[in-house]
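Below is data05.cif, which holds mmCIF, C-alpha atoms.
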data_model
loop_
_atom_site.label_atom_id
_atom_site.label_comp_id
_atom_site.auth_asym_id
_atom_site.auth_seq_id
_atom_site.Cartn_x
_atom_site.Cartn_y
_atom_site.Cartn_z
CA MET A 84 125.97 105.41 74.23
CA ASN A 85 123.66 104.27 77.02
CA GLU A 86 120.08 105.51 76.90
CA ALA A 87 118.92 107.57 79.86
CA ILE A 88 116.92 105.73 82.51
CA VAL A 89 113.40 107.09 83.01
CA ALA A 90 112.61 107.43 86.74
CA LEU A 91 108.91 107.15 87.60
CA ILE A 92 107.14 107.66 90.94
CA LEU A 93 104.24 105.24 91.56
CA GLY A 94 101.70 106.32 94.20
CA THR A 95 100.16 103.47 96.24
CA ALA A 96 98.26 103.96 99.56
CA THR A 97 98.74 103.76 103.33
CA PRO A 98 100.97 101.01 104.78
CA GLY A 99 99.22 97.74 105.59
CA GLY A 100 96.76 97.81 102.69
CA GLY A 101 96.65 95.94 99.40
CA PHE A 102 97.99 98.75 97.21
CA PRO A 103 101.48 99.05 98.79
CA LEU A 104 101.82 95.26 98.51
CA TYR A 105 100.79 95.30 94.86
CA GLY A 106 102.85 98.40 94.06
CA ALA A 107 106.04 96.84 95.43
CA ALA A 108 105.54 93.70 93.33
CA PHE A 109 104.61 95.69 90.22
CA ALA A 110 107.66 97.96 90.51
CA GLU A 111 110.00 95.04 91.09
CA VAL A 112 108.91 92.95 88.10
CA VAL A 113 108.66 95.90 85.69
CA ASN A 114 112.09 97.16 86.73
CA ALA A 115 113.49 93.66 86.18
CA GLN A 116 111.96 93.45 82.70
CA GLU A 117 112.83 96.94 81.45
CA PRO A 118 116.25 98.37 82.32
CA ARG A 119 115.36 101.75 80.78
CA VAL A 120 112.61 102.32 83.36
CA ARG A 121 113.03 102.63 87.11
CA ILE A 122 109.80 102.72 89.15
CA GLU A 123 109.93 103.87 92.76
CA THR A 124 106.86 103.46 94.98
CA ARG A 125 105.52 106.13 97.31
CA ASN A 126 102.92 105.70 100.07
CA THR A 127 99.94 108.06 99.79
CA LYS A 128 96.54 108.33 101.43
CA GLY A 129 95.09 106.17 98.66
CA SER A 130 93.00 106.45 95.51
CA THR A 131 91.22 109.73 96.21
CA GLU A 132 94.55 111.45 96.81
CA ASN A 133 96.30 109.67 93.94
CA VAL A 134 94.04 111.14 91.27
CA PRO A 135 94.78 114.83 92.09
CA LEU A 136 98.47 114.04 92.66
CA LEU A 137 98.60 112.55 89.16
CA GLU A 138 96.73 115.49 87.66
CA GLU A 139 99.08 117.95 89.41
CA GLY A 140 102.14 116.12 88.08
CA LYS A 141 103.30 115.09 91.57
CA LEU A 142 103.11 111.40 90.61
CA ASP A 143 103.99 109.77 87.30
CA LEU A 144 101.91 106.64 87.90
CA ALA A 145 99.30 105.74 90.50
CA LEU A 146 97.21 102.81 91.65
CA VAL A 147 93.55 103.83 91.64
CA ALA A 148 90.70 101.64 92.85
CA GLY A 149 87.60 100.87 90.84
CA GLU A 150 84.93 103.38 91.80
CA ILE A 151 87.37 106.29 92.09
CA ALA A 152 88.97 105.36 88.75
CA SER A 153 85.61 104.91 87.01
CA ALA A 154 84.41 108.33 88.16
CA ALA A 155 87.69 110.05 87.20
CA LEU A 156 87.89 108.37 83.79
CA ALA A 157 84.24 109.23 83.05
CA LYS A 158 84.93 112.99 83.12
CA PRO A 159 84.76 114.32 79.53
CA ASP A 160 87.97 116.34 79.89
CA THR A 161 89.99 113.76 81.85
CA LYS A 162 93.75 113.70 81.27
CA LEU A 163 94.06 110.33 82.99
CA ARG A 164 95.13 107.35 80.91
CA ILE A 165 95.23 103.62 81.65
CA VAL A 166 98.63 101.91 81.67
CA ALA A 167 97.38 98.54 82.95
CA ALA A 168 94.35 96.95 84.57
CA MET A 169 95.33 95.60 88.00
CA TYR A 170 92.55 93.35 89.20
CA SER A 171 88.82 93.27 89.81
CA SER A 172 87.82 93.82 93.44
CA PRO A 173 84.81 91.94 94.79
CA GLY A 174 83.81 93.82 97.93
CA MET A 175 82.69 92.05 101.09
CA LEU A 176 82.67 92.01 104.85
CA ILE A 177 84.40 89.73 107.31
CA VAL A 178 83.24 88.96 110.85
CA ARG A 179 84.75 86.88 113.63
CA GLY A 180 84.12 83.14 113.45
CA ASP A 181 81.95 83.32 116.57
CA SER A 182 79.89 86.27 115.31
CA PRO A 183 76.09 85.89 115.22
CA TYR A 184 75.91 88.02 112.03
CA ARG A 185 75.24 86.09 108.81
CA SER A 186 74.14 88.73 106.31
CA ILE A 187 74.79 92.36 105.44
CA ALA A 188 71.32 93.20 106.73
CA ASP A 189 72.27 91.74 110.13
CA LEU A 190 74.84 94.53 110.44
CA ARG A 191 72.27 97.32 110.41
CA GLY A 192 73.29 99.79 113.12
CA LYS A 193 76.45 97.82 113.97
CA THR A 194 80.04 99.08 114.03
CA VAL A 195 81.95 98.39 110.81
CA VAL A 196 85.59 99.13 109.98
CA MET A 197 85.28 100.68 106.51
CA GLY A 198 88.98 101.36 105.81
CA THR A 199 90.96 104.54 105.24
CA GLN A 200 89.10 107.69 104.21
CA ALA A 201 90.80 108.07 100.82
CA SER A 202 90.62 104.42 99.78
CA GLY A 203 88.62 103.41 96.73
CA VAL A 204 87.69 100.19 98.55
CA THR A 205 86.17 102.30 101.33
CA ALA A 206 84.17 104.20 98.70
CA LEU A 207 82.90 100.88 97.33
CA GLY A 208 81.77 99.86 100.82
CA ARG A 209 79.88 103.10 101.29
CA THR A 210 78.17 102.61 97.92
CA VAL A 211 77.14 99.03 98.74
CA LEU A 212 75.65 99.92 102.13
CA GLU A 213 73.92 103.05 100.84
CA SER A 214 72.47 101.15 97.86
CA LEU A 215 71.00 98.59 100.25
CA SER A 216 69.83 101.29 102.71
CA ILE A 217 71.73 99.59 105.54
CA PRO A 218 73.14 102.23 107.93
CA VAL A 219 76.13 101.27 110.08
CA THR A 220 78.39 103.05 112.53
CA PRO A 221 81.55 103.40 110.44
CA ILE A 222 85.14 103.39 111.67
CA PHE A 223 87.62 105.10 109.34
CA LEU A 224 91.30 104.38 109.74
CA GLU A 225 94.54 106.31 109.49
CA LYS A 226 96.33 103.09 108.48
CA ALA A 227 94.68 100.01 106.96
CA ALA A 228 96.70 97.73 109.27
CA ASP A 229 94.82 99.13 112.30
CA GLY A 230 91.60 97.37 111.25
CA PRO A 231 92.03 93.67 112.16
CA PRO A 232 92.76 94.25 115.89
CA MET A 233 89.54 96.26 116.17
CA LEU A 234 87.51 93.29 114.96
CA MET A 235 89.35 90.76 117.09
CA ASP A 236 89.06 92.72 120.35
CA GLY A 237 85.38 93.57 119.84
CA ARG A 238 85.64 97.26 119.05
CA ALA A 239 84.03 96.48 115.68
CA ASP A 240 81.43 93.95 114.53
CA ALA A 241 82.70 93.62 110.95
CA LEU A 242 85.41 94.83 108.59
CA TRP A 243 84.97 95.80 104.95
CA GLY A 244 87.53 95.00 102.24
CA ALA A 245 87.86 93.78 98.68
CA GLY A 246 89.59 91.36 96.39
CA VAL A 247 92.18 88.62 96.55
CA GLY A 248 95.20 89.26 98.75
CA TRP A 249 93.58 91.98 100.89
CA PRO A 250 95.98 91.99 103.88
CA ALA A 251 93.30 92.51 106.55
CA PHE A 252 91.25 89.64 105.13
CA ALA A 253 94.31 87.38 105.09
CA THR A 254 95.05 88.21 108.75
CA LEU A 255 91.47 87.67 109.91
CA ALA A 256 90.79 84.56 107.81
CA LYS A 257 93.78 82.88 109.45
CA GLN A 258 92.12 83.59 112.80
CA GLY A 259 88.84 81.97 111.75
CA GLY A 260 87.08 84.99 110.28
CA ARG A 261 83.93 84.40 108.21
CA PHE A 262 83.03 86.28 105.02
CA ILE A 263 79.69 87.96 104.32
CA GLY A 264 78.80 89.06 100.79
CA PRO A 265 75.64 90.40 99.17
CA THR A 266 72.86 87.99 98.20
CA ALA A 267 71.85 87.55 94.55
CA GLU A 268 68.96 89.98 95.06
CA GLU A 269 71.20 92.49 96.82
CA ILE A 270 73.68 92.29 93.93
CA LYS A 271 70.86 93.12 91.49
CA THR A 272 69.82 96.10 93.61
CA ILE A 273 73.38 97.45 93.89
CA LEU A 274 74.07 97.10 90.15
CA ALA A 275 70.74 98.70 89.21
CA ARG A 276 71.67 101.76 91.26
CA ASN A 277 75.34 101.84 90.23
CA PRO A 278 75.83 101.02 86.53
CA ALA A 279 79.60 101.63 86.79
CA LEU A 280 79.94 98.57 89.03
CA GLN A 281 80.11 94.98 87.78
CA ALA A 282 79.18 91.56 89.14
CA VAL A 283 82.50 90.01 90.22
CA THR A 284 83.35 86.89 92.22
CA LEU A 285 85.97 86.15 94.85
CA PRO A 286 87.43 82.81 93.72
CA ALA A 287 87.21 79.82 96.06
CA ARG A 288 90.21 79.36 98.36
CA SER A 289 91.36 82.96 97.97
CA TYR A 290 91.69 82.93 101.79
CA PRO A 291 92.08 80.25 104.47
CA GLY A 292 88.74 78.56 105.22
CA GLN A 293 86.96 80.18 102.25
CA ASP A 294 86.14 77.04 100.26
CA ALA A 295 83.37 78.35 97.99
CA PRO A 296 83.40 81.23 95.48
CA LEU A 297 81.72 84.36 96.83
CA PRO A 298 79.68 86.46 94.36
CA SER A 299 79.71 90.21 94.92
CA VAL A 300 80.08 93.54 93.16
CA GLY A 301 83.12 95.62 92.35
CA SER A 302 85.10 97.13 89.54
CA TRP A 303 88.57 97.12 88.05
CA SER A 304 91.47 98.94 89.65
CA TYR A 305 94.09 100.42 87.35
CA VAL A 306 97.63 101.65 87.07
CA LEU A 307 96.97 105.16 85.78
CA ALA A 308 99.11 107.90 84.31
CA THR A 309 98.19 111.14 82.55
CA ASP A 310 98.60 112.12 78.93
CA LYS A 311 101.84 113.86 79.99
CA LEU A 312 103.58 110.48 80.27
CA LYS A 313 105.68 110.14 77.13
CA ASP A 314 104.38 107.66 74.57
CA ASP A 315 107.71 105.83 74.38
CA THR A 316 107.75 105.39 78.17
CA ALA A 317 104.16 104.08 78.19
CA PHE A 318 105.11 101.67 75.38
CA LEU A 319 108.02 100.33 77.45
CA LEU A 320 105.76 99.96 80.50
CA ALA A 321 103.11 98.04 78.55
CA ARG A 322 105.73 95.74 77.05
CA ALA A 323 107.31 95.14 80.46
CA VAL A 324 103.94 94.37 82.06
CA HIS A 325 103.12 91.93 79.25
CA ARG A 326 106.46 90.16 79.62
CA ALA A 327 106.18 90.16 83.41
CA GLU A 328 102.69 88.62 83.63
CA ALA A 329 103.93 85.22 84.83
CA PRO A 330 106.46 86.45 87.43
CA LEU A 331 103.97 89.03 88.73
CA ALA A 332 101.27 86.36 89.11
CA ALA A 333 103.76 84.08 90.88
CA ARG A 334 104.75 86.88 93.23
CA LEU A 335 101.25 88.02 94.17
CA GLU A 336 98.03 86.06 93.83
CA GLN A 337 95.80 89.07 93.16
CA ALA A 338 98.11 90.07 90.31
CA ARG A 339 97.06 87.04 88.26
CA GLU A 340 94.51 89.35 86.64
CA THR A 341 97.17 91.90 85.62
CA THR A 342 97.45 91.05 81.93
CA MET A 343 97.41 93.18 78.84
CA VAL A 344 94.45 91.15 77.52
CA ASN A 345 92.50 92.13 80.66
CA THR A 346 93.70 95.72 80.24
CA VAL A 347 92.07 95.88 76.81
CA ALA A 348 88.87 94.28 78.11
CA ALA A 349 88.65 96.38 81.29
CA ALA A 350 89.13 99.80 79.68
CA PRO A 351 85.77 101.65 79.66
CA ARG A 352 86.75 103.13 76.27
CA GLN A 353 89.78 102.26 74.17
CA GLU A 354 90.81 105.92 73.88
CA LEU A 355 91.35 105.92 77.65
CA LEU A 356 94.30 103.57 77.15
CA HIS A 357 97.50 105.60 76.99
CA PRO A 358 98.54 106.09 73.33
CA GLY A 359 101.89 104.41 74.03
CA VAL A 360 100.05 101.43 75.52
CA ARG A 361 97.76 101.28 72.48
CA ARG A 362 100.80 101.26 70.20
CA TYR A 363 102.25 98.29 72.07
CA LEU A 364 98.90 96.46 71.99
CA ARG A 365 98.74 96.93 68.20
CA GLU A 366 102.29 95.64 67.75
CA ALA A 367 101.60 92.66 70.02
CA LYS A 368 98.28 92.05 68.19
CA LEU A 369 96.37 92.33 71.46
CA ASP A 370 94.14 95.26 70.53
CA ARG A 371 90.51 94.73 69.64
#
Please express what this file holds, its structure, as structure tokens.
Amino acid sequence: MNEAIVALILGTATPGGGFPLYGAAFAEVVNAQEPRVRIETRNTKGSTENVPLLEEGKLDLALVAGEIASAALAKPDTKLRIVAAMYSSPGMLIVRGDSPYRSIADLRGKTVVMGTQASGVTALGRTVLESLSIPVTPIFLEKAADGPPMLMDGRADALWGAGVGWPAFATLAKQGGRFIGPTAEEIKTILARNPALQAVTLPARSYPGQDAPLPSVGSWSYVLATDKLKDDTAFLLARAVHRAEAPLAARLEQARETTMVNTVAAAPRQELLHPGVRRYLREAKLDR
């Protein structure tokens, strides 16, 4: 007798951003690895909406960006559980190639596209600028894809984003955009004021014309569920992710960090890993 297929809804974010791109690749490779699980993606407003949708049982899985995830997982009574670590997200700004601005401080009082209101990446940008006491005139978007034209036609002086494979960065880098990250001293200041963040680096050649690694700050984004997800289903998901590491990395550059080894390392506390995931990690001898 055939076993029933478990259908799962994975919440991503608004079209044109990094999460829908990642979510599509994640669903495809996991579905290919595990015939008993069928993941279907759903666009949402992003991380800040995904957490309550998960908690209300309106999503089975959700992509949640670093700062939002860290805050939600830090609550003593949280029901959220980690299924997999996605990737670390070094945050930075991009300006046009002909822009006179060379540092974050140069953007004081300037117009900056921050992203969509509910995005965890947007929250990271707010934190960075507030930590450095650099006020800007922010532009918040309905759709992440609306950002690049605003920079190119002069409506904005800079655009904020994070990580490898950020679609707006890819679009703008191809048009000669130039990246601006925090200095070493600024990184120290940001981390001192925000212990949940980490020092992370954007690898060299992540984008066209970006030949050197760019140090910054950020945190890990996760595929989250709640403790209502059945242990057997979480076990199958963890096994599928582990088996799909190579095809996922080949499909999407930013997914090279999506490994079960990184999942163990990135979890703030091991008990925040879903019990079914922990069972798989023990069996695969990947737990610590």
Hits of the PyMOL selection byres ((chain A and resi 336) around 12) in this structure, as a ChimeraX atom specification = /A:101,104-105,108,169-170,246-250,253,286,288-290,328-335,337-341
Compile the contact shell of A:Val283 as a ChimeraX atom specification: residues with an atom at most 6 Å away, counting only C-alpha atoms, same-chain residues fewer than 3 positions apart removed.
-> /A:173,299-300
Distance query stretch 222-233 of chain A at most 7 Å, only C-alpha atoms, self and fewer than 2 positions along chain excluded, as a ChimeraX atom specification = /A:97-100,195-200,220,235-239,251,255
Expansion of the PyMOL selection byres ((chain A and resi 165) around 8) into residues, as number ranges by chain | A: 163-164, 166-168, 305-308, 350, 355-357
Care to translate the PyMOL selection byres ((chain A and resi 124-130) around 6) into actual residues of this file, as a ChimeraX atom specification?
-> /A:92-97,123,131-133,147-148,201-203
May I have the residues within 7 Å of A:Leu176 as a PDB file with C-alpha atoms, in the frame of the given file, using all atoms listed in the file and disregarding those fewer than 5 positions away in the same chain?
ATOM      1  CA  ALA A 241      82.700  93.620 110.950  1.00  0.00           C
ATOM      2  CA  LEU A 242      85.410  94.830 108.590  1.00  0.00           C
ATOM      3  CA  TRP A 243      84.970  95.800 104.950  1.00  0.00           C
ATOM      4  CA  GLY A 244      87.530  95.000 102.240  1.00  0.00           C
ATOM      5  CA  PHE A 262      83.030  86.280 105.020  1.00  0.00           C
ATOM      6  CA  ILE A 263      79.690  87.960 104.320  1.00  0.00           C
ATOM      7  CA  GLY A 264      78.800  89.060 100.790  1.00  0.00           C
TER       8      GLY A 264
END
Quick one: distance from atom CA of A:Ile270 to atom CA of A:Arg352 in Å, one decimal?
->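 Separation of atom CA of A:Ile270 and atom CA of A:Arg352: 24.5 Å.
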For the atom pair atom CA of A:Val120 and atom CA of A:Phe102, what is the interatomic distance in Å to one decimal place?
->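 Separating atom CA of A:Val120 from atom CA of A:Phe102 is a distance of 20.5 Å.
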Select, from A:Asp160, A:Asp181, A:Ile273, A:Glu366, the residue with the minimum atom-to-atom distance to A:Gly259, counting all atoms listed in the file.
->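 Ranked by minimum distance to A:Gly259, first place goes to A:Asp181.
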If you take only C-alpha atoms and a cut-off of 8 Å, which residues of stretch 229-333 of chain A touch stretch 111-116 of chain A, and what are their nearest atom pairs and distances in Å to one decimal, in chain and number order, as CSV?
residue,atom,partner,partner_atom,distance
A:Leu320,CA,A:Val113,CA,7.2
A:Ala323,CA,A:Gln116,CA,5.4
A:Val324,CA,A:Val113,CA,6.1
A:Arg326,CA,A:Gln116,CA,7.1
A:Ala327,CA,A:Val112,CA,6.1
A:Pro330,CA,A:Val112,CA,7.0
A:Leu331,CA,A:Val112,CA,6.3
Could you tell me, as an MDAnalysis selection string, which residues have any atom at most 12 Å from (79.3, 100.0, 87.2), counting only C-alpha atoms?
-> chainID A and resid 149:154 157 171 207 210:211 270:271 273:283 300:303 349 351
Can those selected residues be exported to a file as a short mmCIF file (atom, residue, chain, number, x, y, z; two decimals), keeping the file's coordinate frame so that it contains C-alpha atoms?
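As written to disk, result-v6.cif reads:
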data_model
loop_
_atom_site.label_atom_id
_atom_site.label_comp_id
_atom_site.auth_asym_id
_atom_site.auth_seq_id
_atom_site.Cartn_x
_atom_site.Cartn_y
_atom_site.Cartn_z
CA GLY A 149 87.60 100.87 90.84
CA GLU A 150 84.93 103.38 91.80
CA ILE A 151 87.37 106.29 92.09
CA ALA A 152 88.97 105.36 88.75
CA SER A 153 85.61 104.91 87.01
CA ALA A 154 84.41 108.33 88.16
CA ALA A 157 84.24 109.23 83.05
CA SER A 171 88.82 93.27 89.81
CA LEU A 207 82.90 100.88 97.33
CA THR A 210 78.17 102.61 97.92
CA VAL A 211 77.14 99.03 98.74
CA ILE A 270 73.68 92.29 93.93
CA LYS A 271 70.86 93.12 91.49
CA ILE A 273 73.38 97.45 93.89
CA LEU A 274 74.07 97.10 90.15
CA ALA A 275 70.74 98.70 89.21
CA ARG A 276 71.67 101.76 91.26
CA ASN A 277 75.34 101.84 90.23
CA PRO A 278 75.83 101.02 86.53
CA ALA A 279 79.60 101.63 86.79
CA LEU A 280 79.94 98.57 89.03
CA GLN A 281 80.11 94.98 87.78
CA ALA A 282 79.18 91.56 89.14
CA VAL A 283 82.50 90.01 90.22
CA VAL A 300 80.08 93.54 93.16
CA GLY A 301 83.12 95.62 92.35
CA SER A 302 85.10 97.13 89.54
CA TRP A 303 88.57 97.12 88.05
CA ALA A 349 88.65 96.38 81.29
CA PRO A 351 85.77 101.65 79.66
#
Quote the spacing between atom CA of A:Val204 and atom CA of A:Gly174 in Å to one decimal place.
->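 Interatomic distance, atom CA of A:Val204 to atom CA of A:Gly174: 7.5 Å.
Using only C-alpha atoms, the shortest contact distance between A:Lys311 and any of A:Ile122, A:Gly359, A:Arg179, A:His325 is found at A:Gly359.
Minimum distance to A:Ala87 across A:Phe318, A:Gly106, A:Ser216, A:Arg119 (counting all atoms listed in the file) occurs at A:Arg119.
Of the residues listed (A:Leu212, A:Glu268, A:Tyr184, A:Thr309), A:Thr309 shows the shortest atom-to-atom separation from A:Lys141; distances use only C-alpha atoms.
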A:Thr266 environment, 10 Å, only C-alpha atoms, sequence neighbours closer than 5 positions dropped, as an mmCIF file with C-alpha atoms, in the coordinates of the input:
data_model
loop_
_atom_site.group_PDB
_atom_site.id
_atom_site.type_symbol
_atom_site.label_atom_id
_atom_site.label_comp_id
_atom_site.auth_asym_id
_atom_site.auth_seq_id
_atom_site.Cartn_x
_atom_site.Cartn_y
_atom_site.Cartn_z
ATOM 1 C CA SER A 186 74.140 88.730 106.310
ATOM 2 C CA ILE A 187 74.790 92.360 105.440
ATOM 3 C CA LYS A 271 70.860 93.120 91.490
ATOM 4 C CA THR A 272 69.820 96.100 93.610
ATOM 5 C CA LEU A 297 81.720 84.360 96.830
ATOM 6 C CA PRO A 298 79.680 86.460 94.360
ATOM 7 C CA SER A 299 79.710 90.210 94.920
#
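Considering all atoms listed in the file, the residue among A:Ala245, A:Ala107, A:Ile217, A:Val178 positioned nearest to A:Gln258 is A:Val178.
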